[in-house]
Amino acid sequence: MGNLKTTSLAIIAIFLGSCGAQSSTKTEDSMAYNVEKSDSAWKAELSEDEYRVLRQKGTERPHTGAYDQLWDTGTYVCKGCGSELFKSSTKFDAGCGWPSFYQGIKSDAIKEIQDRTLGMTRTEVVCANCGGHLGHVFNDGFGQPTGLRYCINSVSLGFIKKEDADVNTSE
């Protein structure tokens with residue numbers, strides 16, 4: 001019975017350790033980005049949570065981010081480098097607890113990388129300019145008209161609100 005208990009505890013420890021792991025094997029590990037900084041420079045510029053998500057590929061808890069239920073008109077930018085990533089007009093409420101968008105602001109603003117962490121295959125989304133981890137994209141049909149759901153961490157984003165006088169009817 002003691003061996004069963006020890007084995008069970010070992011399995012639980014391995015499982016819990018893998019759930020907290022944020023490092024992964026990517027299919028495109030050697031990507032070059034326009035903005036490249038040392039680890040210490042990123043730590044000096046970002047808050048602890050921003051660093052954990054953007055540079056260590058962490059995630060924020062669902063329904064806790066500042067932008068999950070923000071519906072103002074404007075542009076979402078990368079918190080790491082300021083690059084424009086998503087227009088507010090492409091944001092929708094997927095009910096998942098993170099800001100969701102159906103497309104990036106332009107095709108080269110974000111990069112998609114195969115992510116095989118936590119025993120599953122997903123598609124990670126990173127800022128094409130600095131490589132900061134943003135979240136994941138899912139082809140689950142929720143985001144119309146593309147069928148894509150870019151599920152993005154609020155902490156990896158900044159928001160530039162469009163002033164009422166600047167509101168464009170095409171937005």
# chains A, B, ... in the order shown; residues from 1 in each chain; ligands from 1
>>> select_by_dssp(residues="region 40-129 of chain A", states="helix (DSSP H, G or I)", output="list in words")
Ser40, Ala41, Trp42, Lys43, Ala44, Glu45, Glu48, Asp49, Glu50, Tyr51, Arg52, Val53, Leu54, Ser88, Ser89, Thr90, Thr117, Leu118 and Gly119 of chain A
>>> write_last_selection(atoms="N, CA and C atoms", output="short mmCIF file (atom, residue, chain, number, x, y, z; two decimals), in the first residue's frame")
data_model
loop_
_atom_site.label_atom_id
_atom_site.label_comp_id
_atom_site.auth_asym_id
_atom_site.auth_seq_id
_atom_site.Cartn_x
_atom_site.Cartn_y
_atom_site.Cartn_z
N SER A 40 17.82 41.26 -18.46
CA SER A 40 17.83 42.29 -17.42
C SER A 40 17.17 43.58 -17.90
N ALA A 41 17.29 43.90 -19.17
CA ALA A 41 16.63 45.11 -19.72
C ALA A 41 15.11 44.92 -19.70
N TRP A 42 14.64 43.73 -20.09
CA TRP A 42 13.19 43.46 -20.05
C TRP A 42 12.69 43.55 -18.61
N LYS A 43 13.42 42.97 -17.67
CA LYS A 43 13.01 43.00 -16.26
C LYS A 43 12.93 44.42 -15.73
N ALA A 44 13.82 45.28 -16.19
CA ALA A 44 13.84 46.68 -15.73
C ALA A 44 12.66 47.48 -16.30
N GLU A 45 12.20 47.11 -17.50
CA GLU A 45 11.15 47.86 -18.18
C GLU A 45 9.73 47.37 -17.89
N GLU A 48 6.45 42.88 -12.87
CA GLU A 48 6.66 41.45 -12.64
C GLU A 48 5.67 40.60 -13.44
N ASP A 49 4.40 40.98 -13.44
CA ASP A 49 3.38 40.23 -14.20
C ASP A 49 3.61 40.34 -15.71
N GLU A 50 3.93 41.55 -16.18
CA GLU A 50 4.20 41.73 -17.62
C GLU A 50 5.38 40.87 -18.05
N TYR A 51 6.44 40.86 -17.26
CA TYR A 51 7.62 40.05 -17.57
C TYR A 51 7.26 38.57 -17.60
N ARG A 52 6.51 38.11 -16.60
CA ARG A 52 6.14 36.70 -16.51
C ARG A 52 5.35 36.25 -17.75
N VAL A 53 4.45 37.10 -18.22
CA VAL A 53 3.63 36.73 -19.38
C VAL A 53 4.40 36.96 -20.69
N LEU A 54 4.89 38.17 -20.90
CA LEU A 54 5.53 38.50 -22.17
C LEU A 54 6.83 37.75 -22.43
N SER A 88 -10.00 47.56 -31.86
CA SER A 88 -11.13 47.25 -30.98
C SER A 88 -12.33 46.73 -31.77
N SER A 89 -12.43 47.10 -33.04
CA SER A 89 -13.55 46.64 -33.86
C SER A 89 -13.50 45.14 -34.13
N THR A 90 -12.36 44.49 -33.87
CA THR A 90 -12.25 43.04 -34.08
C THR A 90 -12.37 42.27 -32.77
N THR A 117 3.24 22.64 -25.16
CA THR A 117 3.35 22.55 -23.70
C THR A 117 2.11 21.89 -23.11
N LEU A 118 2.24 21.45 -21.90
CA LEU A 118 1.13 20.89 -21.12
C LEU A 118 0.44 19.72 -21.78
N GLY A 119 1.17 18.98 -22.62
CA GLY A 119 0.64 17.78 -23.22
C GLY A 119 -0.39 18.00 -24.31
#
>>> closest_atom_pairs(of="region 12-129 of chain A", to="region 156-160 of chain A", cutoff="10 Å", atoms="only C-alpha atoms", output="CSV")
residue,atom,partner,partner_atom,distance
A:Leu46,CA,A:Ser156,CA,9.9
A:Asp49,CA,A:Ser156,CA,8.9
A:Glu50,CA,A:Ser156,CA,6.1
A:Tyr51,CA,A:Ser156,CA,8.7
A:Arg52,CA,A:Ser156,CA,9.6
A:Val53,CA,A:Ser156,CA,6.7
A:Leu54,CA,A:Ser156,CA,5.9
A:Arg55,CA,A:Ser156,CA,9.7
A:Thr59,CA,A:Ser156,CA,9.3
A:Glu60,CA,A:Ser156,CA,9.5
A:Gly65,CA,A:Ser156,CA,9.8
A:Ala66,CA,A:Leu157,CA,9.4
A:Tyr67,CA,A:Leu157,CA,8.3
A:Leu70,CA,A:Phe159,CA,9.7
A:Asp72,CA,A:Phe159,CA,9.3
A:Thr73,CA,A:Ile160,CA,8.6
A:Gly74,CA,A:Ile160,CA,5.5
A:Thr75,CA,A:Ile160,CA,5.2
A:Tyr76,CA,A:Phe159,CA,4.6
A:Val77,CA,A:Gly158,CA,5.0
A:Cys78,CA,A:Leu157,CA,4.9
A:Lys79,CA,A:Leu157,CA,4.7
A:Gly80,CA,A:Ser156,CA,7.3
A:Cys81,CA,A:Gly158,CA,9.8
A:Gly82,CA,A:Gly158,CA,7.5
A:Ser83,CA,A:Gly158,CA,9.5
A:Glu84,CA,A:Gly158,CA,9.2
A:Leu85,CA,A:Leu157,CA,8.7
A:Phe86,CA,A:Phe159,CA,9.6
A:Lys87,CA,A:Phe159,CA,9.7
A:Ser88,CA,A:Phe159,CA,9.3
A:Pro99,CA,A:Leu157,CA,9.8
A:Val126,CA,A:Ser156,CA,9.8
A:Cys127,CA,A:Ser156,CA,9.6
>>> write_last_selection(atoms="C-alpha atoms", output="CSV table (one decimal), in the first residue's frame")
chain,number,residue,atom,x,y,z
A,46,LEU,CA,8.3,45.5,-17.4
A,49,ASP,CA,3.4,40.2,-14.2
A,50,GLU,CA,4.2,41.7,-17.6
A,51,TYR,CA,7.6,40.1,-17.6
A,52,ARG,CA,6.1,36.7,-16.5
A,53,VAL,CA,3.6,36.7,-19.4
A,54,LEU,CA,5.5,38.5,-22.2
A,55,ARG,CA,9.0,37.0,-21.6
A,59,THR,CA,-0.8,33.6,-18.5
A,60,GLU,CA,-3.0,35.6,-16.3
A,65,GLY,CA,-7.4,41.3,-16.9
A,66,ALA,CA,-8.1,45.0,-17.4
A,67,TYR,CA,-9.1,44.5,-21.1
A,70,LEU,CA,-13.2,46.9,-22.1
A,72,ASP,CA,-13.9,51.4,-25.8
A,73,THR,CA,-12.9,52.3,-29.4
A,74,GLY,CA,-9.2,52.2,-30.0
A,75,THR,CA,-6.1,50.1,-30.7
A,76,TYR,CA,-4.5,47.4,-28.6
A,77,VAL,CA,-0.7,47.5,-28.6
A,78,CYS,CA,2.1,45.3,-27.4
A,79,LYS,CA,3.0,46.2,-23.8
A,80,GLY,CA,6.7,45.2,-24.5
A,81,CYS,CA,7.3,47.4,-27.6
A,82,GLY,CA,4.2,49.5,-28.4
A,83,SER,CA,3.5,47.8,-31.8
A,84,GLU,CA,-0.1,47.9,-32.9
A,85,LEU,CA,-1.7,44.5,-32.7
A,86,PHE,CA,-5.5,44.5,-32.7
A,87,LYS,CA,-8.3,47.0,-33.5
A,88,SER,CA,-11.1,47.3,-31.0
A,99,PRO,CA,-9.8,39.6,-24.4
A,126,VAL,CA,3.6,36.5,-30.2
A,127,CYS,CA,4.3,40.1,-31.1
>>> residues_around(residues="Glu36 (chain A)", least_positions_apart="5", cutoff="9 Å", atoms="only C-alpha atoms", output="VMD selection string")
chain A and resid 129 to 131
>>> write_last_selection(atoms="C-alpha atoms", output="short mmCIF file (atom, residue, chain, number, x, y, z; two decimals), in the first residue's frame")
data_model
loop_
_atom_site.label_atom_id
_atom_site.label_comp_id
_atom_site.auth_asym_id
_atom_site.auth_seq_id
_atom_site.Cartn_x
_atom_site.Cartn_y
_atom_site.Cartn_z
CA ASN A 129 8.25 43.06 -33.44
CA CYS A 130 9.63 41.94 -30.04
CA GLY A 131 8.60 38.29 -29.68
#
>>> atom_distance(atom1="CA of Val155 (chain A)", atom2="CA of Gly141 (chain A)")
25.0 Å
>>> closest_residue(among="A:Thr123, A:Asn139, A:Gln144, A:Asn34", to="Asp93 (chain A)", atoms="only C-alpha atoms")
A:Gln144
